[in-house]
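Asker: Sharing start.cif below, mmCIF, C-alpha atoms and all ligand atoms:
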```
data_run
loop_
_atom_site.label_atom_id
_atom_site.label_comp_id
_atom_site.auth_asym_id
_atom_site.auth_seq_id
_atom_site.Cartn_x
_atom_site.Cartn_y
_atom_site.Cartn_z
CA MET A 1 -1.99 -29.96 -41.74
CA LYS A 2 1.10 -27.82 -41.21
CA ARG A 3 -0.68 -24.81 -42.64
CA LYS A 4 -3.54 -25.26 -40.21
CA TYR A 5 -1.07 -25.15 -37.34
CA ILE A 6 0.55 -22.00 -38.66
CA ILE A 7 -2.84 -20.30 -38.89
CA LEU A 8 -3.66 -21.37 -35.36
CA ILE A 9 -0.33 -20.05 -34.08
CA VAL A 10 -0.85 -16.71 -35.88
CA LEU A 11 -4.37 -16.44 -34.46
CA ALA A 12 -3.14 -17.26 -30.96
CA GLY A 13 -0.44 -14.61 -31.35
CA LEU A 14 -2.90 -11.97 -32.50
CA PHE A 15 -5.24 -12.85 -29.67
CA GLY A 16 -2.34 -12.46 -27.25
CA ILE A 17 -1.50 -9.02 -28.66
CA PHE A 18 -5.10 -7.84 -28.51
CA SER A 19 -5.73 -9.11 -25.02
CA SER A 20 -2.54 -7.54 -23.72
CA CYS A 21 -3.42 -4.19 -25.34
CA LYS A 22 -6.96 -4.18 -24.04
CA LYS A 23 -7.15 -1.55 -21.34
CA GLU A 24 -8.81 -3.09 -18.33
CA THR A 25 -10.63 -0.50 -16.32
CA GLY A 26 -10.74 -0.90 -12.59
CA PHE A 27 -13.40 -0.18 -10.00
CA ASN A 28 -14.58 3.39 -10.39
CA THR A 29 -13.27 5.21 -7.37
CA LEU A 30 -14.04 8.68 -6.08
CA ILE A 31 -11.54 10.45 -3.82
CA ILE A 32 -13.23 13.30 -1.98
CA THR A 33 -11.05 16.14 -0.77
CA GLY A 34 -10.85 19.94 -0.92
CA GLN A 35 -10.79 20.83 2.76
CA ASN A 36 -8.53 19.42 5.42
CA ASN A 37 -6.29 20.57 8.24
CA HIS A 38 -3.80 18.40 6.36
CA ASN A 39 -2.00 18.82 3.06
CA TRP A 40 -4.71 17.31 0.86
CA GLN A 41 -3.08 18.79 -2.25
CA VAL A 42 -0.29 16.27 -1.62
CA SER A 43 -2.22 13.34 -0.16
CA SER A 44 -5.11 13.02 -2.62
CA PRO A 45 -3.01 12.63 -5.80
CA LEU A 46 -0.86 10.10 -3.91
CA LEU A 47 -3.92 8.12 -2.81
CA LYS A 48 -5.02 8.07 -6.45
CA GLN A 49 -1.58 6.89 -7.57
CA ILE A 50 -1.40 4.20 -4.87
CA LEU A 51 -4.83 2.81 -5.77
CA ASP A 52 -4.48 3.04 -9.56
CA GLU A 53 -1.05 1.38 -9.35
CA THR A 54 -2.77 -1.92 -8.48
CA GLY A 55 -4.69 -1.94 -11.77
CA LEU A 56 -7.82 -2.66 -9.72
CA PHE A 57 -9.08 0.90 -9.42
CA THR A 58 -9.71 3.83 -11.74
CA SER A 59 -9.76 6.83 -9.44
CA GLU A 60 -10.77 10.41 -9.81
CA ILE A 61 -10.39 13.26 -7.35
CA MET A 62 -13.36 15.51 -6.58
CA LYS A 63 -12.89 18.70 -4.61
CA THR A 64 -15.55 20.26 -2.44
CA PRO A 65 -15.82 24.06 -2.41
CA ALA A 66 -13.14 25.68 -0.25
CA THR A 67 -13.80 26.41 3.43
CA GLY A 68 -16.85 28.65 3.80
CA GLY A 69 -17.89 28.03 0.18
CA ASP A 70 -21.38 27.09 -1.02
CA MET A 71 -21.76 23.40 -0.15
CA ASN A 72 -25.05 23.25 -2.05
CA THR A 73 -22.92 22.91 -5.17
CA PHE A 74 -21.32 19.69 -3.89
CA ASN A 75 -23.53 16.85 -5.08
CA PRO A 76 -21.50 13.83 -6.25
CA ASP A 77 -23.34 11.03 -7.99
CA PHE A 78 -22.17 8.25 -5.68
CA SER A 79 -24.01 5.61 -7.72
CA LYS A 80 -21.25 5.87 -10.36
CA TYR A 81 -18.66 4.48 -7.97
CA LYS A 82 -17.69 1.21 -6.32
CA LEU A 83 -15.39 2.94 -3.84
CA VAL A 84 -15.36 6.33 -2.15
CA VAL A 85 -12.15 7.42 -0.41
CA ILE A 86 -12.54 10.20 2.13
CA ASP A 87 -9.53 12.52 2.39
CA TYR A 88 -11.63 15.32 3.80
CA ASN A 89 -11.92 17.15 7.10
CA GLY A 90 -13.94 20.34 6.82
CA ASP A 91 -17.33 22.01 6.46
CA SER A 92 -20.50 19.94 6.62
CA TRP A 93 -21.86 18.73 3.29
CA ASN A 94 -25.43 19.56 2.41
CA GLU A 95 -28.21 17.31 3.74
CA LYS A 96 -28.98 15.87 0.32
CA THR A 97 -25.36 14.82 -0.21
CA ASN A 98 -25.18 13.35 3.30
CA LYS A 99 -28.27 11.28 2.59
CA ALA A 100 -26.96 10.19 -0.80
CA PHE A 101 -23.72 9.03 0.83
CA VAL A 102 -25.56 7.09 3.55
CA ASP A 103 -27.71 5.45 0.85
CA TYR A 104 -24.63 4.61 -1.18
CA VAL A 105 -22.98 2.81 1.74
CA SER A 106 -26.22 1.19 2.99
CA ASN A 107 -26.70 -0.29 -0.47
CA GLY A 108 -23.25 -1.88 -0.54
CA GLY A 109 -20.82 0.89 -1.55
CA GLY A 110 -17.22 0.58 -0.41
CA VAL A 111 -15.49 3.30 1.61
CA VAL A 112 -11.94 4.07 2.70
CA ILE A 113 -11.52 6.42 5.66
CA TYR A 114 -8.03 7.87 5.52
CA HIS A 115 -6.22 9.46 8.49
CA ALA A 116 -7.84 12.85 9.38
CA ALA A 117 -11.08 11.86 7.66
CA ASN A 118 -11.87 10.36 11.06
CA ASN A 119 -11.80 13.92 12.45
CA SER A 120 -14.64 14.96 10.14
CA PHE A 121 -18.29 15.59 10.84
CA PRO A 122 -18.39 15.06 14.65
CA ALA A 123 -22.15 15.73 14.68
CA TRP A 124 -23.13 13.48 11.75
CA LYS A 125 -24.34 10.29 13.44
CA GLU A 126 -24.26 8.00 10.40
CA TYR A 127 -20.81 9.15 9.34
CA ASN A 128 -19.45 8.35 12.80
CA GLU A 129 -21.08 4.93 12.62
CA MET A 130 -19.19 4.39 9.36
CA THR A 131 -15.81 5.46 10.70
CA GLY A 132 -16.31 3.50 13.93
CA LEU A 133 -13.89 5.75 15.80
CA GLY A 134 -12.99 9.40 15.43
CA GLY A 135 -11.00 12.13 17.07
CA TRP A 136 -10.91 15.87 17.77
CA GLY A 137 -13.91 18.09 16.84
CA ASP A 138 -14.85 18.26 20.55
CA ARG A 139 -15.48 14.54 20.66
CA ASN A 140 -15.98 13.18 24.17
CA GLU A 141 -17.80 10.40 26.04
CA LYS A 142 -21.01 11.35 24.20
CA SER A 143 -19.31 10.31 20.93
CA GLY A 144 -18.92 6.73 22.15
CA PRO A 145 -16.32 4.63 23.95
CA TYR A 146 -12.57 4.47 23.56
CA VAL A 147 -11.53 1.22 21.95
CA TYR A 148 -8.03 -0.22 22.39
CA TYR A 149 -6.09 -3.31 23.34
CA LYS A 150 -4.68 -3.71 26.82
CA ALA A 151 -2.73 -6.80 27.87
CA GLY A 152 -3.83 -8.54 24.70
CA GLN A 153 -7.54 -7.91 25.31
CA LEU A 154 -9.86 -5.67 23.31
CA VAL A 155 -11.21 -3.01 25.67
CA THR A 156 -14.29 -0.87 25.18
CA ASP A 157 -13.88 1.97 27.64
CA THR A 158 -16.74 4.39 28.31
CA SER A 159 -14.80 6.64 30.69
CA ALA A 160 -15.10 10.40 30.23
CA GLY A 161 -12.51 12.36 28.31
CA ILE A 162 -11.40 13.88 25.05
CA GLY A 163 -11.39 12.09 21.72
CA GLY A 164 -8.18 12.19 19.68
CA THR A 165 -4.56 13.00 20.38
CA HIS A 166 -1.13 12.03 19.16
CA GLY A 167 2.35 12.42 20.56
CA LYS A 168 5.50 13.31 18.67
CA ARG A 169 5.88 11.72 15.31
CA ARG A 170 7.87 8.51 15.36
CA GLU A 171 8.38 5.17 13.73
CA PHE A 172 6.13 2.61 15.39
CA MET A 173 5.40 -1.09 15.35
CA VAL A 174 2.08 -2.17 13.88
CA VAL A 175 0.74 -5.40 15.37
CA SER A 176 -1.80 -7.55 13.59
CA ARG A 177 -4.83 -8.51 15.68
CA LYS A 178 -6.64 -10.54 13.01
CA ALA A 179 -4.27 -12.78 11.10
CA ASP A 180 -7.09 -14.46 9.16
CA HIS A 181 -8.84 -11.35 7.80
CA PRO A 182 -8.46 -10.99 3.98
CA ILE A 183 -6.70 -7.62 4.44
CA THR A 184 -4.09 -8.82 6.95
CA LYS A 185 -3.77 -12.45 5.83
CA GLY A 186 -0.18 -13.26 4.89
CA LEU A 187 1.24 -10.02 6.33
CA PRO A 188 3.88 -10.17 9.06
CA ALA A 189 2.37 -10.24 12.56
CA ARG A 190 4.45 -7.15 13.42
CA TRP A 191 5.93 -4.56 11.10
CA LEU A 192 7.62 -1.22 11.52
CA HIS A 193 5.77 1.79 10.11
CA GLY A 194 7.53 4.92 8.75
CA THR A 195 7.52 8.05 10.92
CA ASP A 196 3.90 9.08 11.49
CA GLU A 197 1.44 10.45 14.00
CA LEU A 198 0.21 7.67 16.24
CA TYR A 199 -3.48 8.51 16.54
CA SER A 200 -4.66 7.77 20.08
CA LEU A 201 -7.77 8.15 22.26
CA LEU A 202 -10.05 7.78 19.27
CA ARG A 203 -13.65 7.24 20.32
CA GLY A 204 -16.90 6.64 18.55
CA PRO A 205 -19.90 4.32 18.18
CA ALA A 206 -17.57 1.38 17.28
CA LEU A 207 -20.55 -0.61 16.01
CA ASN A 208 -19.91 -3.62 13.75
CA MET A 209 -16.23 -2.77 13.90
CA GLU A 210 -13.23 -5.09 13.79
CA VAL A 211 -9.80 -3.87 14.85
CA LEU A 212 -7.30 -5.46 12.45
CA ALA A 213 -4.10 -3.87 13.73
CA THR A 214 -2.89 -1.71 16.61
CA ALA A 215 0.19 0.27 17.60
CA PHE A 216 1.48 0.79 21.12
CA ALA A 217 1.50 4.47 22.08
CA ASP A 218 4.58 4.39 24.26
CA SER A 219 4.81 7.43 26.53
CA ALA A 220 8.59 7.02 26.58
CA LYS A 221 8.73 7.65 22.86
CA GLY A 222 7.38 11.16 22.53
CA GLY A 223 4.16 10.94 24.52
CA GLY A 224 1.48 8.28 24.55
CA THR A 225 -1.42 6.57 26.26
CA MET A 226 0.43 3.28 26.98
CA ARG A 227 -2.41 1.58 25.13
CA ASP A 228 -2.38 -0.45 21.93
CA GLU A 229 -4.31 2.00 19.77
CA PRO A 230 -6.35 0.91 16.71
CA MET A 231 -4.59 1.67 13.40
CA LEU A 232 -6.51 -0.45 10.88
CA MET A 233 -10.21 -1.14 11.22
CA THR A 234 -13.10 -2.51 9.24
CA ILE A 235 -16.69 -1.48 9.76
CA ALA A 236 -19.88 -2.95 8.35
CA TYR A 237 -22.64 -0.45 7.64
CA GLY A 238 -25.80 -1.78 6.01
CA LYS A 239 -24.56 -3.75 3.01
CA GLY A 240 -21.46 -1.54 2.78
CA ARG A 241 -17.91 -2.23 3.87
CA ILE A 242 -15.60 0.44 5.26
CA PHE A 243 -11.82 0.22 5.63
CA HIS A 244 -10.38 2.76 8.05
CA THR A 245 -6.65 3.51 8.28
CA ALA A 246 -5.61 6.00 10.94
CA MET A 247 -2.11 6.20 9.44
CA GLY A 248 -0.55 8.19 6.59
CA HIS A 249 -0.01 11.80 7.72
CA ALA A 250 1.10 13.63 4.55
CA ASP A 251 4.29 15.64 4.50
CA GLU A 252 5.75 17.30 1.41
CA GLY A 253 6.10 14.52 -1.16
CA GLY A 254 4.08 12.23 1.08
CA GLY A 255 6.88 11.75 3.60
CA PRO A 256 7.70 8.53 5.42
CA ALA A 257 4.13 7.94 6.66
CA MET A 258 2.70 7.74 3.13
CA GLN A 259 5.83 6.29 1.50
CA CYS A 260 5.84 3.40 3.98
CA ALA A 261 5.27 0.20 2.00
CA GLY A 262 3.14 -1.05 4.90
CA PHE A 263 0.82 1.95 4.66
CA ILE A 264 0.61 1.65 0.86
CA ILE A 265 -0.02 -2.08 0.74
CA THR A 266 -2.58 -2.15 3.57
CA LEU A 267 -4.41 0.73 1.86
CA GLN A 268 -4.47 -1.17 -1.44
CA ARG A 269 -5.68 -4.35 0.25
CA GLY A 270 -8.22 -2.53 2.41
CA ALA A 271 -9.62 -0.70 -0.61
CA GLU A 272 -10.08 -3.94 -2.55
CA TRP A 273 -11.75 -5.57 0.43
CA ALA A 274 -14.10 -2.59 0.80
CA VAL A 275 -15.29 -3.15 -2.79
CA THR A 276 -15.42 -6.96 -3.00
CA GLY A 277 -15.08 -8.38 0.51
CA ASN A 278 -11.96 -10.16 -0.69
CA VAL A 279 -8.30 -9.47 -1.44
CA THR A 280 -6.65 -10.91 -4.57
CA GLN A 281 -3.40 -8.92 -4.36
CA PRO A 282 -0.36 -11.00 -3.43
CA VAL A 283 1.79 -9.69 -0.59
CA PRO A 284 4.75 -7.96 -2.32
CA PHE A 285 8.36 -8.85 -1.48
CA ASP A 286 8.95 -5.47 0.15
CA PHE A 287 6.29 -5.55 2.86
CA PRO A 288 8.08 -4.32 6.01
CA THR A 289 8.91 -6.58 8.91
CA ALA A 290 9.64 -5.92 12.56
CA ALA A 291 13.27 -5.46 11.52
CA GLY A 292 12.85 -2.13 9.79
CA VAL A 293 10.85 0.44 7.87
CA VAL A 294 10.57 -0.01 4.10
CA LEU A 295 9.83 3.09 2.04
CA ARG A 296 8.65 3.34 -1.53
CA PRO A 297 9.80 6.87 -2.43
CA ASP A 298 7.99 6.75 -5.78
CA PHE A 299 4.95 4.88 -4.36
CA LYS A 300 5.44 1.95 -6.71
CA GLU A 301 6.56 -1.60 -6.22
CA VAL A 302 9.92 -1.87 -7.97
CA THR A 303 9.73 -4.31 -10.90
CA VAL A 304 12.39 -6.98 -11.28
CA ASP A 305 13.60 -5.34 -14.51
CA GLU A 306 14.10 -2.05 -12.66
CA ALA A 307 15.71 -3.86 -9.75
CA ILE A 308 18.35 -5.47 -12.00
CA LYS A 309 19.14 -2.08 -13.58
CA ASN A 310 19.32 -0.48 -10.12
CA ILE A 311 21.76 -3.14 -8.90
CA GLY A 312 24.10 -1.73 -11.55
CA SER A 313 24.50 1.37 -9.38
CA TYR A 314 24.79 -0.45 -6.06
CA GLU A 315 27.44 0.72 -3.61
CA ILE A 316 28.29 -0.77 -0.19
CA GLY A 317 26.05 0.65 2.52
CA LYS A 318 23.14 1.39 0.18
CA SER A 319 19.79 -0.37 0.51
CA THR A 320 19.79 -3.97 -0.70
CA LYS A 321 16.10 -3.74 -1.60
CA ASN A 322 16.83 -4.31 -5.31
CA LEU A 323 18.80 -7.46 -4.58
CA THR A 324 16.00 -8.72 -2.34
CA CYS A 325 13.58 -8.04 -5.19
CA LEU A 326 15.75 -9.96 -7.68
CA GLN A 327 16.15 -12.93 -5.30
CA TYR A 328 12.40 -12.97 -4.67
CA HIS A 329 11.68 -13.17 -8.40
CA ILE A 330 14.34 -15.83 -8.99
CA ARG A 331 12.68 -17.96 -6.29
CA LYS A 332 9.25 -17.32 -7.76
CA LEU A 333 10.41 -18.42 -11.22
CA ALA A 334 11.85 -21.72 -9.98
CA GLY A 335 11.46 -24.28 -12.77
CA ASP A 336 10.52 -21.66 -15.38
CA GLN A 337 13.62 -21.83 -17.58
CA ALA A 338 12.49 -19.18 -20.07
CA GLY A 339 11.64 -16.75 -17.27
CA LEU A 340 14.96 -17.34 -15.53
CA LEU A 341 16.88 -16.95 -18.80
CA ASN A 342 15.14 -13.61 -19.32
CA LEU A 343 16.45 -12.43 -15.94
CA GLU A 344 19.89 -13.86 -16.69
CA LYS A 345 20.06 -11.89 -19.95
CA GLN A 346 19.25 -8.66 -18.14
CA MET A 347 21.84 -9.44 -15.47
CA VAL A 348 24.47 -10.05 -18.17
CA THR A 349 23.62 -6.68 -19.75
CA VAL A 350 24.53 -5.03 -16.45
CA LEU A 351 27.70 -7.13 -16.11
CA GLU A 352 28.78 -5.95 -19.57
CA SER A 353 27.93 -2.31 -18.90
CA SER A 354 30.87 0.00 -18.30
CA ASP A 355 28.58 2.28 -16.22
CA ALA A 356 27.71 -0.41 -13.67
CA THR A 357 29.50 -0.36 -10.34
CA THR A 358 31.96 -3.02 -9.22
CA GLU A 359 29.88 -3.72 -6.10
CA GLY A 360 26.74 -4.14 -8.20
CA LYS A 361 28.53 -6.58 -10.50
CA LYS A 362 29.72 -8.57 -7.48
CA LEU A 363 26.12 -9.01 -6.33
CA LEU A 364 25.06 -10.20 -9.78
CA LEU A 365 28.00 -12.61 -10.06
CA ARG A 366 26.97 -14.17 -6.76
CA GLU A 367 23.38 -14.68 -7.97
CA LEU A 368 24.50 -15.97 -11.37
CA SER A 369 26.81 -18.48 -9.69
CA TRP A 370 23.79 -20.51 -8.65
CA MET A 371 21.05 -19.61 -11.15
CA GLY A 372 23.09 -18.86 -14.29
CA THR A 373 23.41 -21.07 -17.37
CA SER A 374 25.97 -21.29 -20.17
CA PHE A 375 24.49 -18.00 -21.42
CA CYS A 376 26.30 -15.90 -18.82
CA GLN A 377 29.65 -17.67 -19.04
CA PRO A 378 31.25 -15.57 -21.82
CA ALA A 379 30.46 -12.35 -19.93
CA ILE A 380 31.86 -13.77 -16.71
CA ASN A 381 34.95 -15.02 -18.54
CA LYS A 382 35.67 -11.46 -19.62
CA LEU A 383 35.40 -10.23 -16.03
CA SER A 384 38.07 -12.75 -14.99
CA SER A 385 40.62 -10.29 -16.28
CA VAL A 386 39.25 -7.38 -14.24
CA GLU A 387 41.37 -7.04 -11.10
CA GLU A 388 38.53 -6.10 -8.66
CA LEU A 389 36.21 -8.82 -9.97
CA LYS A 390 38.47 -11.72 -10.83
CA ASP A 391 37.87 -13.62 -7.56
CA GLU A 392 34.09 -13.36 -7.84
CA ALA A 393 34.22 -14.29 -11.52
CA ALA A 394 36.40 -17.35 -10.82
CA PHE A 395 34.04 -18.41 -8.02
CA ALA A 396 31.01 -18.10 -10.31
CA LEU A 397 32.66 -19.98 -13.18
CA GLU A 398 33.71 -22.77 -10.81
CA ARG A 399 30.12 -23.25 -9.63
CA LEU A 400 28.66 -22.96 -13.12
CA LYS A 401 30.83 -25.78 -14.48
ZN ZN B 501 -2.06 14.09 10.61
#
```
Before anything else, please render the file you have as structure tokens.
Ligand code: ZN

Answerer:
Amino acid sequence: MKRKYIILIVLAGLFGIFSSCKKETGFNTLIITGQNNHNWQVSSPLLKQILDETGLFTSEIMKTPATGGDMNTFNPDFSKYKLVVIDYNGDSWNEKTNKAFVDYVSNGGGVVIYHAANNSFPAWKEYNEMTGLGGWGDRNEKSGPYVYYKAGQLVTDTSAGIGGTHGKRREFMVVSRKADHPITKGLPARWLHGTDELYSLLRGPALNMEVLATAFADSAKGGGTMRDEPMLMTIAYGKGRIFHTAMGHADEGGGPAMQCAGFIITLQRGAEWAVTGNVTQPVPFDFPTAAGVVLRPDFKEVTVDEAIKNIGSYEIGKSTKNLTCLQYHIRKLAGDQAGLLNLEKQMVTVLESSDATTEGKKLLLRELSWMGTSFCQPAINKLSSVEELKDEAAFALERLK
């Protein structure tokens, strides 16, 4: 009997090891770039990193020939992909490739239109139907209406005028217009976006298009239309789904527009929706709010293990993002004693480290005072004799009794 159990446990263990080693491959994703009035050499690898980071996508970057090159050589096999991300603004593709792309989307392929990709191909009717709205490239009233929100109402405005402009770069508030859409569900109704161009006066066919979020182009803040301009859109084309983000102007290293956690997370959610029509990704703890911009300088969500280590170098006045991350995970693990003990052990390692800052240790002592167990008490006892920490240590020990 006992032996049987042991065998079962060993088998379960092996199964666990194998299933955790198995490399899951995500949705095959093609990022098209190679020409752009923007720094595509920076943006395309970042788009790949942002998408692959979710574990849902396996992306590759394909470059068109350079400006003026022979476009007859650009013939991607779209049928290999579940998602095509357009980070391209340049010469027309050849007719065969255009048709293959239209077929791909008509038959249910997913698409992400990123920032200046909505400047592309002003004369390609189907492409403009996929983007919904576009700018520049001599677009005007013949391209379709302006679409924006005014006084809380969606306006379709056919008046004459240019398509596409933006004022000075600035931080701006993004306002959700569809709280129940899979992409925006669970996100704050308003959140502050990192410094970016606020695309305005976009116009296009706007067929089968939903505006998910807007930003107010305030003329007092560096020029603007005084309209709530579309920032996030979805478009249905045949059986295909398109997610369009007007945000994310790339500076060196991505800059605040691409590093913005709001840009990153909405892109990840929009991309998943474009493939499946659904979003399974939970909203991370660091999604920005109306209170302030949140950047991810390395384009990754910080893990709780990293956050605890980072708290070890905390100084007053620095970002408390790592503490917020730790608190979020403690809350999430409520009732999971093994999970909480794992965090506690890592916190104790930092408390015992001579490299960790006093301020960082104070933060950890405060957390341990309410979630710690007998495990952390010896480490805290030792800190009772450290002049700068003795009050915090005494407080924690008192509560842990
Ligand atoms: Zn731009």

Asker: Do you know which residues are within 7 Å of ligand ZN 501 (chain B) using all atoms listed in the file? Can you write them as a list in words?

Answerer: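 So, counting all atoms listed in the file, the residues near ligand ZN 501 (chain B) are His38, His115, Ala116, Glu197, His249 and Ala250 of chain A.
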
Asker: Excluding same-chain residues fewer than 4 positions from Lys361 in chain A, what lies within 12 Å of it counting only C-alpha atoms, as a ChimeraX atom specification?

Answerer: /A:308-316,323,347-357,365-368,379-380,383,386,388-390,392-393,396

Asker: So which residues touch Val111 in chain A within 12 Å, counting all atoms listed in the file, skipping near sequence neighbours fewer than 3 positions away, as a PyMOL selection string?

Answerer: chain A and resi 29-32+78+81-87+101-102+104-108+114+117+127+130-131+233-237+239-245+267+270-277

Asker: Show me the residues around (3.5, 13.7, -1.8) - criterion: an atom at most 6 Å away, all atoms listed in the file counted - as an MDAnalysis selection string.

Answerer: chainID A and resid 42:43 252:254

Asker: Restricting the output to C-alpha atoms, write the selected residues as a compact mmCIF listing (two decimals), in the frame of the given file.

Answerer:
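Contents of out-v3.txt, freshly written:
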```txt
# COMPACT_ATOMS: atom_id res chain seq x y z
CA VAL A 42 -0.29 16.27 -1.62
CA SER A 43 -2.22 13.34 -0.16
CA GLU A 252 5.75 17.30 1.41
CA GLY A 253 6.10 14.52 -1.16
CA GLY A 254 4.08 12.23 1.08
```

Asker: I'd like the contact shell of Arg203 in chain A - 12 Å cut-off, all atoms listed in the file, skipping same-chain residues fewer than 6 positions apart - returned as a short mmCIF file (atom, residue, chain, number, x, y, z; two decimals) with C-alpha atoms, in the frame of the given file.

Answerer:
```cif
data_model
loop_
_atom_site.label_atom_id
_atom_site.label_comp_id
_atom_site.auth_asym_id
_atom_site.auth_seq_id
_atom_site.Cartn_x
_atom_site.Cartn_y
_atom_site.Cartn_z
CA ASN A 118 -11.87 10.36 11.06
CA ASN A 119 -11.80 13.92 12.45
CA PRO A 122 -18.39 15.06 14.65
CA ASN A 128 -19.45 8.35 12.80
CA GLU A 129 -21.08 4.93 12.62
CA THR A 131 -15.81 5.46 10.70
CA GLY A 132 -16.31 3.50 13.93
CA LEU A 133 -13.89 5.75 15.80
CA GLY A 134 -12.99 9.40 15.43
CA GLY A 135 -11.00 12.13 17.07
CA TRP A 136 -10.91 15.87 17.77
CA GLY A 137 -13.91 18.09 16.84
CA ASP A 138 -14.85 18.26 20.55
CA ARG A 139 -15.48 14.54 20.66
CA ASN A 140 -15.98 13.18 24.17
CA GLU A 141 -17.80 10.40 26.04
CA LYS A 142 -21.01 11.35 24.20
CA SER A 143 -19.31 10.31 20.93
CA GLY A 144 -18.92 6.73 22.15
CA PRO A 145 -16.32 4.63 23.95
CA TYR A 146 -12.57 4.47 23.56
CA VAL A 147 -11.53 1.22 21.95
CA TYR A 148 -8.03 -0.22 22.39
CA VAL A 155 -11.21 -3.01 25.67
CA THR A 156 -14.29 -0.87 25.18
CA ASP A 157 -13.88 1.97 27.64
CA THR A 158 -16.74 4.39 28.31
CA SER A 159 -14.80 6.64 30.69
CA ALA A 160 -15.10 10.40 30.23
CA GLY A 161 -12.51 12.36 28.31
CA ILE A 162 -11.40 13.88 25.05
CA GLY A 163 -11.39 12.09 21.72
CA GLY A 164 -8.18 12.19 19.68
CA THR A 165 -4.56 13.00 20.38
CA GLU A 229 -4.31 2.00 19.77
CA PRO A 230 -6.35 0.91 16.71
#
```

Asker: Would you mind telling me which residue in A:Trp93, A:Tyr199, A:Tyr88, A:Tyr149 lies nearest to Ser120 in chain A when using only C-alpha atoms?

Answerer: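 Selected residue with least distance to Ser120 in chain A: A:Tyr88.
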
Asker: Could you write range 106-117 of chain A as a compact mmCIF listing (two decimals), keeping the file's coordinate frame, with N, CA, C and O atoms rebuilt where they are missing?

Answerer:
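Now in result_4.txt:
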```
# COMPACT_ATOMS: atom_id res chain seq x y z
N SER A 106 -25.19 2.16 2.57
CA SER A 106 -26.22 1.19 2.99
C SER A 106 -26.47 0.15 1.91
O SER A 106 -26.72 -1.01 2.19
N ASN A 107 -26.40 0.61 0.65
CA ASN A 107 -26.70 -0.29 -0.47
C ASN A 107 -25.50 -1.10 -0.93
O ASN A 107 -25.56 -1.78 -1.95
N GLY A 108 -24.38 -1.00 -0.21
CA GLY A 108 -23.25 -1.88 -0.54
C GLY A 108 -22.02 -1.17 -1.06
O GLY A 108 -21.06 -1.84 -1.47
N GLY A 109 -22.01 0.16 -1.07
CA GLY A 109 -20.82 0.89 -1.55
C GLY A 109 -19.63 0.71 -0.62
O GLY A 109 -19.80 0.60 0.59
N GLY A 110 -18.45 0.70 -1.20
CA GLY A 110 -17.22 0.58 -0.41
C GLY A 110 -16.69 1.95 -0.03
O GLY A 110 -16.85 2.92 -0.77
N VAL A 111 -16.04 2.02 1.12
CA VAL A 111 -15.49 3.30 1.61
C VAL A 111 -14.10 3.07 2.22
O VAL A 111 -13.88 2.05 2.87
N VAL A 112 -13.20 4.03 1.97
CA VAL A 112 -11.94 4.07 2.70
C VAL A 112 -11.92 5.37 3.49
O VAL A 112 -12.11 6.46 2.93
N ILE A 113 -11.71 5.25 4.79
CA ILE A 113 -11.52 6.42 5.66
C ILE A 113 -10.02 6.56 5.90
O ILE A 113 -9.39 5.63 6.43
N TYR A 114 -9.48 7.70 5.48
CA TYR A 114 -8.03 7.87 5.52
C TYR A 114 -7.65 8.95 6.53
O TYR A 114 -8.07 10.10 6.41
N HIS A 115 -6.85 8.57 7.52
CA HIS A 115 -6.22 9.46 8.49
C HIS A 115 -7.21 10.51 9.04
O HIS A 115 -8.16 10.13 9.72
N ALA A 116 -7.02 11.80 8.75
CA ALA A 116 -7.84 12.85 9.38
C ALA A 116 -9.29 12.84 8.94
O ALA A 116 -10.10 13.61 9.48
N ALA A 117 -9.65 11.97 7.99
CA ALA A 117 -11.08 11.86 7.66
C ALA A 117 -11.86 11.37 8.88
O ALA A 117 -13.08 11.57 8.96
```
